[in-house]
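The file query_12.tsv contains TSV, C-alpha atoms:
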chain	number	residue	atom	x	y	z
A	1	MET	CA	18.77	-16.57	-77.21
A	2	ILE	CA	15.31	-16.13	-78.72
A	3	ILE	CA	12.14	-16.96	-76.82
A	4	GLN	CA	8.84	-16.58	-78.63
A	5	LYS	CA	5.36	-17.40	-77.48
A	6	GLU	CA	1.74	-16.61	-78.19
A	7	ILE	CA	-0.32	-15.37	-75.28
A	8	THR	CA	-4.09	-14.98	-75.06
A	9	LEU	CA	-4.99	-11.87	-73.08
A	10	ARG	CA	-8.31	-11.88	-71.25
A	11	ALA	CA	-11.07	-9.76	-72.77
A	12	ARG	CA	-11.10	-6.11	-71.79
A	13	SER	CA	-13.77	-3.47	-72.11
A	14	ARG	CA	-13.39	-0.75	-74.71
A	15	GLY	CA	-10.67	1.60	-73.50
A	16	PHE	CA	-7.01	1.74	-72.51
A	17	HIS	CA	-5.66	-0.91	-70.10
A	18	LEU	CA	-2.35	-1.67	-68.42
A	19	ILE	CA	-1.15	-5.18	-69.34
A	20	THR	CA	2.47	-5.09	-68.15
A	21	ASP	CA	1.91	-7.60	-65.34
A	22	GLU	CA	-0.19	-9.98	-67.41
A	23	VAL	CA	2.55	-10.08	-70.06
A	24	LEU	CA	5.40	-10.52	-67.57
A	25	ASN	CA	3.57	-13.28	-65.71
A	26	LYS	CA	3.63	-15.31	-68.92
A	27	LEU	CA	7.31	-14.59	-69.53
A	28	PRO	CA	9.41	-15.79	-66.57
A	29	GLU	CA	12.29	-16.35	-69.03
A	30	ILE	CA	12.96	-12.61	-69.01
A	31	LYS	CA	14.96	-13.12	-65.79
A	32	GLU	CA	17.63	-14.92	-67.83
A	33	VAL	CA	18.27	-11.98	-70.20
A	34	SER	CA	20.99	-9.56	-69.11
A	35	LYS	CA	20.59	-7.33	-72.16
A	36	GLY	CA	18.15	-7.58	-75.01
A	37	ILE	CA	14.80	-6.53	-76.40
A	38	LEU	CA	11.18	-7.56	-75.93
A	39	HIS	CA	8.86	-7.22	-78.92
A	40	VAL	CA	5.12	-7.43	-78.25
A	41	PHE	CA	2.83	-7.75	-81.28
A	42	ILE	CA	-0.98	-7.87	-81.34
A	43	LYS	CA	-2.60	-10.04	-84.02
A	44	HIS	CA	-5.71	-7.90	-84.51
A	45	THR	CA	-6.67	-4.86	-86.57
A	46	SER	CA	-9.02	-3.26	-84.01
A	47	THR	CA	-6.73	-3.22	-80.97
A	48	SER	CA	-3.41	-1.46	-80.57
A	49	LEU	CA	-0.44	-1.37	-78.19
A	50	SER	CA	1.29	1.64	-76.64
A	51	ILE	CA	3.62	2.64	-73.80
A	52	ASN	CA	2.35	5.28	-71.41
A	53	GLU	CA	1.67	6.37	-67.84
A	54	ASN	CA	1.25	3.48	-65.42
A	55	ALA	CA	-0.04	5.17	-62.26
A	56	ASP	CA	-3.16	7.30	-62.59
A	57	PRO	CA	-6.21	5.55	-64.12
A	58	SER	CA	-7.52	8.94	-65.26
A	59	VAL	CA	-4.77	9.02	-67.91
A	60	ARG	CA	-6.22	5.89	-69.51
A	61	ARG	CA	-9.74	7.32	-69.37
A	62	ASP	CA	-8.55	10.60	-70.92
A	63	MET	CA	-6.84	8.63	-73.71
A	64	GLU	CA	-10.21	7.03	-74.54
A	65	THR	CA	-11.86	10.46	-74.46
A	66	TYR	CA	-9.24	11.95	-76.76
A	67	PHE	CA	-9.22	9.21	-79.37
A	68	ASN	CA	-13.02	9.13	-79.52
A	69	ARG	CA	-12.94	12.84	-80.28
A	70	ALA	CA	-10.06	12.54	-82.78
A	71	VAL	CA	-11.68	9.61	-84.62
A	72	PRO	CA	-15.41	10.15	-84.00
A	73	GLU	CA	-17.97	7.45	-84.78
A	74	LYS	CA	-20.46	10.13	-85.71
A	75	ASP	CA	-18.27	10.68	-88.79
A	76	ALA	CA	-19.20	7.19	-90.02
A	77	HIS	CA	-20.93	8.76	-93.00
A	78	TYR	CA	-17.51	9.66	-94.36
A	79	TYR	CA	-16.58	5.99	-94.59
A	80	GLU	CA	-17.46	3.14	-96.93
A	81	HIS	CA	-16.46	0.33	-94.55
A	82	THR	CA	-19.44	0.45	-92.18
A	83	LEU	CA	-21.08	-2.99	-92.32
A	84	GLU	CA	-19.63	-4.10	-88.98
A	85	GLY	CA	-20.83	-1.05	-87.05
A	86	THR	CA	-19.62	2.46	-86.34
A	87	ASP	CA	-16.86	1.20	-84.02
A	88	ASP	CA	-15.17	-0.87	-86.74
A	89	MET	CA	-13.55	1.54	-89.21
A	90	THR	CA	-12.77	3.94	-86.37
A	91	SER	CA	-10.95	1.06	-84.63
A	92	HIS	CA	-8.85	0.35	-87.73
A	93	ILE	CA	-7.93	4.04	-87.93
A	94	LYS	CA	-6.92	4.17	-84.26
A	95	VAL	CA	-4.70	1.11	-84.80
A	96	THR	CA	-2.84	2.81	-87.66
A	97	ILE	CA	-2.35	5.91	-85.48
A	98	ILE	CA	-1.22	4.06	-82.34
A	99	GLY	CA	0.43	0.94	-83.77
A	100	SER	CA	0.33	-2.84	-83.54
A	101	SER	CA	3.49	-3.48	-81.55
A	102	VAL	CA	5.83	-2.10	-78.92
A	103	THR	CA	9.54	-2.85	-78.48
A	104	ILE	CA	11.13	-2.43	-75.06
A	105	PRO	CA	14.72	-2.86	-73.88
A	106	VAL	CA	15.44	-5.66	-71.39
A	107	THR	CA	18.27	-5.12	-68.90
A	108	ASN	CA	19.41	-7.35	-66.03
A	109	GLY	CA	16.37	-9.60	-66.27
A	110	ARG	CA	13.76	-6.85	-66.29
A	111	LEU	CA	11.96	-4.57	-68.71
A	112	ASN	CA	14.01	-1.37	-68.76
A	113	LEU	CA	11.01	0.95	-68.58
A	114	GLY	CA	10.96	4.37	-66.99
A	115	THR	CA	9.44	4.66	-63.54
A	116	TRP	CA	6.10	5.82	-64.95
A	117	GLN	CA	5.87	3.60	-68.02
A	118	GLY	CA	3.68	0.57	-68.62
A	119	ILE	CA	2.34	-1.38	-71.60
A	120	TYR	CA	-1.16	-0.38	-72.74
A	121	LEU	CA	-3.61	-2.58	-74.58
A	122	CYS	CA	-5.92	-0.16	-76.40
A	123	GLU	CA	-9.21	-1.94	-77.06
A	124	HIS	CA	-11.09	0.05	-79.67
A	125	ARG	CA	-14.09	-2.26	-80.23
A	126	ASN	CA	-17.17	-2.25	-78.02
A	127	TYR	CA	-16.95	-6.03	-77.66
A	128	GLY	CA	-13.44	-7.06	-78.61
A	129	GLY	CA	-13.14	-10.35	-76.74
A	130	ALA	CA	-9.90	-12.10	-75.83
A	131	ARG	CA	-6.89	-10.89	-77.80
A	132	GLU	CA	-3.82	-12.75	-79.07
A	133	ILE	CA	-0.32	-11.33	-78.78
A	134	VAL	CA	3.05	-12.72	-79.85
A	135	VAL	CA	5.98	-11.90	-77.59
A	136	THR	CA	9.52	-12.30	-78.90
A	137	LEU	CA	12.35	-11.91	-76.42
A	138	TYR	CA	15.88	-11.89	-77.77
A	139	GLY	CA	19.12	-11.13	-76.07
A	140	GLU	CA	21.87	-12.73	-74.08
B	1	MET	CA	26.65	-8.94	-80.75
B	2	ILE	CA	24.44	-6.84	-78.50
B	3	ILE	CA	25.48	-3.45	-77.18
B	4	GLN	CA	23.15	-1.65	-74.84
B	5	LYS	CA	23.60	1.60	-72.99
B	6	GLU	CA	21.64	4.34	-71.30
B	7	ILE	CA	22.24	7.87	-72.51
B	8	THR	CA	21.16	11.14	-70.91
B	9	LEU	CA	20.16	13.65	-73.57
B	10	ARG	CA	20.58	17.31	-72.72
B	11	ALA	CA	17.38	19.24	-72.01
B	12	ARG	CA	15.55	20.65	-75.00
B	13	SER	CA	12.84	23.26	-75.26
B	14	ARG	CA	9.31	22.19	-76.08
B	15	GLY	CA	9.24	21.17	-79.74
B	16	PHE	CA	10.77	18.77	-82.24
B	17	HIS	CA	14.57	18.35	-82.29
B	18	LEU	CA	17.10	16.39	-84.33
B	19	ILE	CA	19.17	14.11	-82.08
B	20	THR	CA	20.86	11.84	-84.62
B	21	ASP	CA	24.35	13.22	-83.98
B	22	GLU	CA	24.00	13.25	-80.20
B	23	VAL	CA	22.97	9.57	-80.27
B	24	LEU	CA	25.71	8.50	-82.67
B	25	ASN	CA	28.40	10.34	-80.71
B	26	LYS	CA	27.58	8.10	-77.76
B	27	LEU	CA	27.63	4.96	-79.88
B	28	PRO	CA	31.01	4.55	-81.61
B	29	GLU	CA	30.45	0.77	-81.54
B	30	ILE	CA	28.09	1.11	-84.49
B	31	LYS	CA	31.15	1.10	-86.77
B	32	GLU	CA	31.67	-2.58	-85.92
B	33	VAL	CA	28.22	-3.69	-87.13
B	34	SER	CA	28.02	-4.75	-90.78
B	35	LYS	CA	24.31	-5.54	-90.62
B	36	GLY	CA	21.90	-5.13	-87.76
B	37	ILE	CA	19.37	-2.93	-86.05
B	38	LEU	CA	19.45	0.02	-83.65
B	39	HIS	CA	16.57	0.37	-81.20
B	40	VAL	CA	16.22	3.71	-79.42
B	41	PHE	CA	13.75	3.87	-76.52
B	42	ILE	CA	12.82	6.89	-74.39
B	43	LYS	CA	12.04	6.27	-70.72
B	44	HIS	CA	9.45	9.03	-70.33
B	45	THR	CA	5.72	9.42	-70.93
B	46	SER	CA	5.76	13.07	-72.05
B	47	THR	CA	8.42	12.85	-74.79
B	48	SER	CA	8.34	10.78	-77.96
B	49	LEU	CA	10.69	9.68	-80.74
B	50	SER	CA	10.16	9.79	-84.50
B	51	ILE	CA	12.03	9.67	-87.81
B	52	ASN	CA	11.52	12.60	-90.16
B	53	GLU	CA	13.05	15.32	-92.31
B	54	ASN	CA	16.57	16.30	-91.29
B	55	ALA	CA	17.29	19.42	-93.32
B	56	ASP	CA	14.79	22.26	-92.98
B	57	PRO	CA	14.15	23.52	-89.42
B	58	SER	CA	10.71	24.76	-90.52
B	59	VAL	CA	9.56	21.13	-90.73
B	60	ARG	CA	10.22	20.71	-87.00
B	61	ARG	CA	8.42	23.97	-86.22
B	62	ASP	CA	5.45	22.94	-88.35
B	63	MET	CA	5.31	19.61	-86.50
B	64	GLU	CA	4.96	21.50	-83.23
B	65	THR	CA	2.25	23.69	-84.78
B	66	TYR	CA	0.34	20.69	-86.07
B	67	PHE	CA	0.41	18.62	-82.88
B	68	ASN	CA	-0.61	21.61	-80.77
B	69	ARG	CA	-3.64	22.00	-83.03
B	70	ALA	CA	-4.42	18.25	-83.10
B	71	VAL	CA	-4.08	17.90	-79.30
B	72	PRO	CA	-5.00	21.36	-78.02
B	73	GLU	CA	-4.36	22.41	-74.44
B	74	LYS	CA	-7.46	24.56	-74.52
B	75	ASP	CA	-9.37	21.25	-74.54
B	76	ALA	CA	-8.08	20.52	-71.04
B	77	HIS	CA	-11.66	20.70	-69.75
B	78	TYR	CA	-12.31	17.40	-71.52
B	79	TYR	CA	-9.73	15.68	-69.33
B	80	GLU	CA	-9.62	14.45	-65.73
B	81	HIS	CA	-5.83	14.28	-65.47
B	82	THR	CA	-5.05	18.00	-65.15
B	83	LEU	CA	-3.22	18.44	-61.84
B	84	GLU	CA	0.21	18.80	-63.46
B	85	GLY	CA	-0.86	21.52	-65.90
B	86	THR	CA	-2.47	21.74	-69.33
B	87	ASP	CA	0.70	20.45	-71.04
B	88	ASP	CA	0.68	17.15	-69.14
B	89	MET	CA	-2.23	15.07	-70.46
B	90	THR	CA	-1.72	16.51	-73.93
B	91	SER	CA	1.91	15.31	-73.73
B	92	HIS	CA	0.80	11.77	-72.83
B	93	ILE	CA	-1.59	11.78	-75.79
B	94	LYS	CA	1.09	12.96	-78.21
B	95	VAL	CA	3.37	10.16	-76.96
B	96	THR	CA	0.74	7.52	-77.73
B	97	ILE	CA	0.24	9.01	-81.21
B	98	ILE	CA	3.95	9.34	-82.07
B	99	GLY	CA	5.53	6.51	-80.07
B	100	SER	CA	8.22	5.83	-77.50
B	101	SER	CA	10.84	4.19	-79.69
B	102	VAL	CA	12.30	4.02	-83.17
B	103	THR	CA	14.07	1.09	-84.82
B	104	ILE	CA	16.55	1.74	-87.62
B	105	PRO	CA	18.57	-0.66	-89.80
B	106	VAL	CA	22.36	-0.56	-89.45
B	107	THR	CA	24.44	-1.38	-92.54
B	108	ASN	CA	28.22	-1.31	-92.99
B	109	GLY	CA	28.81	0.50	-89.73
B	110	ARG	CA	26.24	3.25	-90.25
B	111	LEU	CA	22.56	3.96	-89.69
B	112	ASN	CA	20.88	3.02	-92.97
B	113	LEU	CA	18.65	6.08	-93.08
B	114	GLY	CA	17.38	7.77	-96.22
B	115	THR	CA	19.17	10.93	-97.32
B	116	TRP	CA	16.57	13.17	-95.69
B	117	GLN	CA	15.92	11.18	-92.50
B	118	GLY	CA	17.00	11.92	-88.96
B	119	ILE	CA	15.93	10.96	-85.43
B	120	TYR	CA	13.57	13.40	-83.73
B	121	LEU	CA	13.17	13.90	-80.01
B	122	CYS	CA	9.69	15.36	-79.59
B	123	GLU	CA	9.59	17.26	-76.30
B	124	HIS	CA	5.95	17.85	-75.41
B	125	ARG	CA	6.37	19.44	-71.97
B	126	ASN	CA	7.09	23.13	-71.43
B	127	TYR	CA	9.96	22.25	-69.09
B	128	GLY	CA	10.93	18.66	-69.75
B	129	GLY	CA	14.51	18.65	-68.54
B	130	ALA	CA	17.16	16.11	-69.48
B	131	ARG	CA	15.77	12.89	-70.94
B	132	GLU	CA	16.97	9.28	-70.64
B	133	ILE	CA	17.11	6.93	-73.60
B	134	VAL	CA	18.19	3.30	-73.88
B	135	VAL	CA	19.92	2.33	-77.10
B	136	THR	CA	20.21	-1.33	-78.04
B	137	LEU	CA	22.37	-2.23	-81.01
B	138	TYR	CA	22.35	-5.78	-82.19
B	139	GLY	CA	23.84	-7.32	-85.27
B	140	GLU	CA	27.00	-8.89	-86.59
C	1	MET	CA	21.07	-15.45	-88.48
C	2	ILE	CA	20.61	-11.94	-89.87
C	3	ILE	CA	19.48	-11.29	-93.42
C	4	GLN	CA	19.26	-7.71	-94.58
C	5	LYS	CA	18.43	-6.33	-97.99
C	6	GLU	CA	17.21	-3.19	-99.68
C	7	ILE	CA	14.15	-3.51	-101.87
C	8	THR	CA	12.74	-1.01	-104.35
C	9	LEU	CA	8.95	-1.05	-104.27
C	10	ARG	CA	7.15	-0.06	-107.44
C	11	ALA	CA	5.51	3.38	-107.44
C	12	ARG	CA	2.01	3.57	-106.00
C	13	SER	CA	-0.65	6.22	-106.25
C	14	ARG	CA	-1.37	8.40	-103.24
C	15	GLY	CA	-3.22	6.26	-100.72
C	16	PHE	CA	-2.90	3.11	-98.63
C	17	HIS	CA	-1.67	-0.09	-100.30
C	18	LEU	CA	-1.09	-3.70	-99.28
C	19	ILE	CA	2.54	-4.69	-99.89
C	20	THR	CA	2.79	-7.96	-97.94
C	21	ASP	CA	3.19	-10.12	-101.06
C	22	GLU	CA	5.68	-7.80	-102.76
C	23	VAL	CA	7.86	-7.85	-99.62
C	24	LEU	CA	7.64	-11.63	-99.13
C	25	ASN	CA	8.44	-12.33	-102.79
C	26	LYS	CA	11.78	-10.61	-102.25
C	27	LEU	CA	12.47	-12.52	-99.05
C	28	PRO	CA	12.43	-16.28	-99.69
C	29	GLU	CA	14.92	-16.68	-96.81
C	30	ILE	CA	12.04	-16.27	-94.37
C	31	LYS	CA	11.27	-19.98	-94.84
C	32	GLU	CA	14.50	-20.81	-92.97
C	33	VAL	CA	13.52	-18.91	-89.81
C	34	SER	CA	11.69	-20.96	-87.17
C	35	LYS	CA	11.40	-18.04	-84.75
C	36	GLY	CA	12.46	-14.45	-85.16
C	37	ILE	CA	11.48	-10.97	-86.21
C	38	LEU	CA	11.13	-9.07	-89.48
C	39	HIS	CA	11.82	-5.33	-89.40
C	40	VAL	CA	10.67	-3.30	-92.42
C	41	PHE	CA	11.93	0.28	-92.67
C	42	ILE	CA	11.09	2.89	-95.31
C	43	LYS	CA	13.83	5.35	-96.27
C	44	HIS	CA	11.55	8.31	-97.01
C	45	THR	CA	9.91	11.10	-95.04
C	46	SER	CA	6.66	11.30	-97.03
C	47	THR	CA	5.63	7.64	-96.94
C	48	SER	CA	4.85	5.51	-93.91
C	49	LEU	CA	4.29	1.85	-93.00
C	50	SER	CA	1.49	0.30	-90.97
C	51	ILE	CA	-0.20	-3.03	-90.22
C	52	ASN	CA	-3.93	-3.19	-90.85
C	53	GLU	CA	-6.88	-4.95	-92.48
C	54	ASN	CA	-5.91	-7.03	-95.52
C	55	ALA	CA	-9.27	-7.96	-97.05
C	56	ASP	CA	-11.62	-5.10	-97.89
C	57	PRO	CA	-10.19	-2.38	-100.15
C	58	SER	CA	-12.67	0.10	-98.68
C	59	VAL	CA	-10.65	0.09	-95.45
C	60	ARG	CA	-7.63	1.45	-97.34
C	61	ARG	CA	-9.78	4.09	-99.06
C	62	ASP	CA	-11.31	5.11	-95.72
C	63	MET	CA	-7.81	5.43	-94.24
C	64	GLU	CA	-6.95	7.92	-96.98
C	65	THR	CA	-10.20	9.79	-96.32
C	66	TYR	CA	-9.53	9.95	-92.59
C	67	PHE	CA	-5.93	11.12	-92.75
C	68	ASN	CA	-6.76	13.79	-95.34
C	69	ARG	CA	-9.35	15.12	-92.91
C	70	ALA	CA	-7.06	14.83	-89.88
C	71	VAL	CA	-4.12	16.53	-91.65
C	72	PRO	CA	-5.84	18.76	-94.22
C	73	GLU	CA	-3.92	20.41	-97.05
C	74	LYS	CA	-6.26	23.38	-96.86
C	75	ASP	CA	-4.50	24.16	-93.54
C	76	ALA	CA	-1.27	24.82	-95.44
C	77	HIS	CA	-1.43	28.44	-94.33
C	78	TYR	CA	-0.56	27.26	-90.81
C	79	TYR	CA	2.77	25.94	-92.05
C	80	GLU	CA	6.09	27.50	-93.02
C	81	HIS	CA	7.37	24.52	-95.02
C	82	THR	CA	5.26	24.93	-98.17
C	83	LEU	CA	7.71	25.34	-101.07
C	84	GLU	CA	7.22	21.77	-102.31
C	85	GLY	CA	3.43	21.96	-102.44
C	86	THR	CA	0.51	21.47	-100.07
C	87	ASP	CA	1.03	17.68	-100.00
C	88	ASP	CA	4.59	17.94	-98.63
C	89	MET	CA	4.35	19.12	-95.00
C	90	THR	CA	1.11	17.15	-94.57
C	91	SER	CA	3.00	14.05	-95.72
C	92	HIS	CA	5.74	14.61	-93.14
C	93	ILE	CA	3.09	14.97	-90.43
C	94	LYS	CA	1.32	11.76	-91.47
C	95	VAL	CA	4.66	9.93	-91.34
C	96	THR	CA	5.27	11.03	-87.75
C	97	ILE	CA	1.74	9.92	-86.81
C	98	ILE	CA	1.87	6.53	-88.57
C	99	GLY	CA	5.56	5.65	-88.41
C	100	SER	CA	8.50	4.71	-90.63
C	101	SER	CA	8.79	1.02	-89.79
C	102	VAL	CA	6.89	-2.08	-88.73
C	103	THR	CA	8.22	-5.08	-86.82
C	104	ILE	CA	6.50	-8.45	-87.19
C	105	PRO	CA	7.16	-11.81	-85.52
C	106	VAL	CA	8.29	-14.67	-87.76
C	107	THR	CA	7.28	-18.20	-86.75
C	108	ASN	CA	7.89	-21.49	-88.58
C	109	GLY	CA	9.07	-19.79	-91.75
C	110	ARG	CA	6.15	-17.35	-92.04
C	111	LEU	CA	5.11	-13.91	-90.88
C	112	ASN	CA	3.06	-14.52	-87.73
C	113	LEU	CA	0.33	-12.06	-88.62
C	114	GLY	CA	-3.30	-12.33	-87.59
C	115	THR	CA	-5.74	-13.62	-90.20
C	116	TRP	CA	-6.81	-10.13	-91.18
C	117	GLN	CA	-3.45	-8.35	-91.01
C	118	GLY	CA	-1.24	-7.15	-93.84
C	119	ILE	CA	1.56	-4.61	-94.33
C	120	TYR	CA	0.45	-1.22	-95.64
C	121	LEU	CA	2.55	1.23	-97.59
C	122	CYS	CA	0.95	4.63	-96.99
C	123	GLU	CA	1.89	6.91	-99.87
C	124	HIS	CA	1.17	10.47	-98.82
C	125	ARG	CA	2.56	12.36	-101.83
C	126	ASN	CA	0.59	12.92	-105.03
C	127	TYR	CA	3.53	11.63	-107.08
C	128	GLY	CA	5.76	9.66	-104.76
C	129	GLY	CA	7.54	7.41	-107.24
C	130	ALA	CA	9.31	4.16	-106.39
C	131	ARG	CA	10.14	3.75	-102.71
C	132	GLU	CA	13.11	2.11	-100.99
C	133	ILE	CA	12.71	-0.15	-97.98
C	134	VAL	CA	15.28	-2.02	-95.89
C	135	VAL	CA	14.18	-5.40	-94.54
C	136	THR	CA	16.11	-6.98	-91.69
C	137	LEU	CA	15.23	-10.55	-90.76
C	138	TYR	CA	16.83	-11.98	-87.67
C	139	GLY	CA	16.17	-15.20	-85.87
C	140	GLU	CA	17.13	-18.84	-85.83

This structure in structure tokens:
Amino acid sequence: MIIQKEITLRARSRGFHLITDEVLNKLPEIKEVSKGILHVFIKHTSTSLSINENADPSVRRDMETYFNRAVPEKDAHYYEHTLEGTDDMTSHIKVTIIGSSVTIPVTNGRLNLGTWQGIYLCEHRNYGGAREIVVTLYGE
Amino acid sequence: MIIQKEITLRARSRGFHLITDEVLNKLPEIKEVSKGILHVFIKHTSTSLSINENADPSVRRDMETYFNRAVPEKDAHYYEHTLEGTDDMTSHIKVTIIGSSVTIPVTNGRLNLGTWQGIYLCEHRNYGGAREIVVTLYGE
Amino acid sequence: MIIQKEITLRARSRGFHLITDEVLNKLPEIKEVSKGILHVFIKHTSTSLSINENADPSVRRDMETYFNRAVPEKDAHYYEHTLEGTDDMTSHIKVTIIGSSVTIPVTNGRLNLGTWQGIYLCEHRNYGGAREIVVTLYGE
């Protein structure tokens, strides 16, 4: 069984955001999968996906702090690709570090995540707008 | 064909460790797959998975050196999420950089890795304990 | 349906390169897949794969600039694994940051990428030579 659909996620502010519930709400078919995989792919080059801590909002804020220090906009003078603003090339870099998709096991109709894991949308642009993802669920 | 199982990996010290053999020992079914994919997912937010050099232990030590410099614990004052110690938020950050799963082709009953590739468990906590992974093998 | 093949990519210079067309030219079977997934895996520990901006070559040059600053060869004295040159351990580190594979949804016979997305081969060695990838296409 393969289920695939495109989902438009509501716009988020710059930063790291939990989207597990928003994804699952659009995917009731997951209940029919006893064992399989969910692939979540984001169709943008300034926004990335990750799996991380789902409980304490300070973790998501600290992620934003870290990545802004690791890929600083004040270093824009090192880059050629600057026409779209200082948050553009830095966003592309963060995407290549973090990644454009996550793949998660599905077991007995549920995502088989650890207790403390959730799906992060990492919005690297100041004004990113709504974002498109493609979810592909395959299994039996 | 889909085979899925949860495996408890023995505790490792902080650092980068080869786990290819420990995973394969728990997965004799791989011999039955002529072409497919193996997905390995770790159910923790302080430990990551990667594919890298399988021969020289100094590569794994240098990885630990690099990531401790790139995500330094002495920067803990930049973070809010510090209650669990200076190795906690830095571990979450390393997980988002490195990733929570790896996906590897399976060909003729074996992982189709390059000669020098192996699966790394990257233990970022000082005392991480045993770790749970979910392996999903699908193919024909 | 599962299609799997090994492809030798022509040698590229050190840096970030778009390989979407070279991969698709070797995979005409993708036209037969109405929904599925393409997994692309690179069998080397000094070269990585990513998804990023497909239009402006300056983005790929800025990626090279960034990663050379984030993982500098002048820091070779921090590392033990230096026998193969200053571009060797730094290449392994970049691979663990960026990753050894990408997974992309396939829809109606085409890669379901965003308008601005393409597949990057990230060649981290000065003289990397031809590179082997394994593509696994599964779907219906």

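Counting only C-alpha atoms, Tyr78 of chain B has the following residues at most 10 Å away, ignoring those fewer than 6 positions along the same chain: A:Asp62, A:Thr65, A:Tyr66, A:Arg69.
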
Atom-to-atom span, atom CA of Glu29 of chain A and atom CA of Arg110 of chain A, Å:
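We find that atom CA of Glu29 of chain A and atom CA of Arg110 of chain A lie 10.0 Å from each other.
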
To one decimal place in Å, what is the distance between atom CA of Ile93 of chain B and atom CA of Val71 of chain B?
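Calculated distance between atom CA of Ile93 of chain B and atom CA of Val71 of chain B is 7.5 Å.
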
Using only C-alpha atoms, pick whichever of A:Leu83, A:Val95, A:Ile42, A:Ile51 has the shortest atom-to-atom distance to chain B.
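Ranking A:Leu83, A:Val95, A:Ile42, A:Ile51 by distance to chain B, first place goes to A:Ile51.
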
Can you work out the spacing between atom CA of Ser50 of chain B and atom CA of Phe67 of chain A in Å, to one decimal?
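Result for atom CA of Ser50 of chain B versus atom CA of Phe67 of chain A: 20.1 Å, one decimal.
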
What residues in chain A lie within 10 Å of chain C, counting only C-alpha atoms, written as an NGL selection string?
:A and (1-6 or 39-46 or 70-71 or 75-76 or 78-82 or 88-90 or 92-93 or 95-103 or 132-138)

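Minimum atom-to-atom distances from C:Asp21, C:Arg125, C:Glu32, C:Arg10 to Glu73 of chain C were compared using all atoms listed in the file, and the lowest value belongs to C:Arg125.
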
Using the atoms already present, construct N, CA, C and O atoms for segment 26-36 of chain A and hand them back as an mmCIF file, in the frame of the given file.
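Okay, selection_31.cif is ready:
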data_model
loop_
_atom_site.group_PDB
_atom_site.id
_atom_site.type_symbol
_atom_site.label_atom_id
_atom_site.label_comp_id
_atom_site.auth_asym_id
_atom_site.auth_seq_id
_atom_site.Cartn_x
_atom_site.Cartn_y
_atom_site.Cartn_z
ATOM 1 N N LYS A 26 3.520 -14.229 -67.943
ATOM 2 C CA LYS A 26 3.630 -15.310 -68.920
ATOM 3 C C LYS A 26 5.056 -15.452 -69.446
ATOM 4 O O LYS A 26 5.295 -16.266 -70.341
ATOM 5 N N LEU A 27 5.971 -14.645 -68.933
ATOM 6 C CA LEU A 27 7.310 -14.590 -69.530
ATOM 7 C C LEU A 27 8.394 -14.648 -68.443
ATOM 8 O O LEU A 27 9.236 -13.764 -68.349
ATOM 9 N N PRO A 28 8.396 -15.711 -67.631
ATOM 10 C CA PRO A 28 9.410 -15.790 -66.570
ATOM 11 C C PRO A 28 10.835 -15.849 -67.135
ATOM 12 O O PRO A 28 11.794 -15.509 -66.445
ATOM 13 N N GLU A 29 10.966 -16.231 -68.423
ATOM 14 C CA GLU A 29 12.290 -16.350 -69.030
ATOM 15 C C GLU A 29 13.027 -15.013 -69.087
ATOM 16 O O GLU A 29 14.236 -14.965 -69.314
ATOM 17 N N ILE A 30 12.312 -13.921 -68.919
ATOM 18 C CA ILE A 30 12.960 -12.610 -69.010
ATOM 19 C C ILE A 30 14.072 -12.477 -67.972
ATOM 20 O O ILE A 30 15.050 -11.750 -68.180
ATOM 21 N N LYS A 31 13.943 -13.195 -66.851
ATOM 22 C CA LYS A 31 14.960 -13.120 -65.790
ATOM 23 C C LYS A 31 16.332 -13.577 -66.266
ATOM 24 O O LYS A 31 17.354 -13.226 -65.674
ATOM 25 N N GLU A 32 16.363 -14.384 -67.338
ATOM 26 C CA GLU A 32 17.630 -14.920 -67.830
ATOM 27 C C GLU A 32 18.339 -13.982 -68.820
ATOM 28 O O GLU A 32 19.432 -14.299 -69.289
ATOM 29 N N VAL A 33 17.701 -12.865 -69.166
ATOM 30 C CA VAL A 33 18.270 -11.980 -70.200
ATOM 31 C C VAL A 33 18.952 -10.787 -69.530
ATOM 32 O O VAL A 33 18.307 -9.985 -68.858
ATOM 33 N N SER A 34 20.272 -10.683 -69.724
ATOM 34 C CA SER A 34 20.990 -9.560 -69.110
ATOM 35 C C SER A 34 20.893 -8.298 -69.962
ATOM 36 O O SER A 34 20.852 -7.184 -69.451
ATOM 37 N N LYS A 35 20.884 -8.480 -71.284
ATOM 38 C CA LYS A 35 20.590 -7.330 -72.160
ATOM 39 C C LYS A 35 19.930 -7.833 -73.430
ATOM 40 O O LYS A 35 20.369 -8.827 -74.001
ATOM 41 N N GLY A 36 18.902 -7.153 -73.831
ATOM 42 C CA GLY A 36 18.150 -7.580 -75.010
ATOM 43 C C GLY A 36 16.949 -6.700 -75.236
ATOM 44 O O GLY A 36 16.914 -5.545 -74.795
#
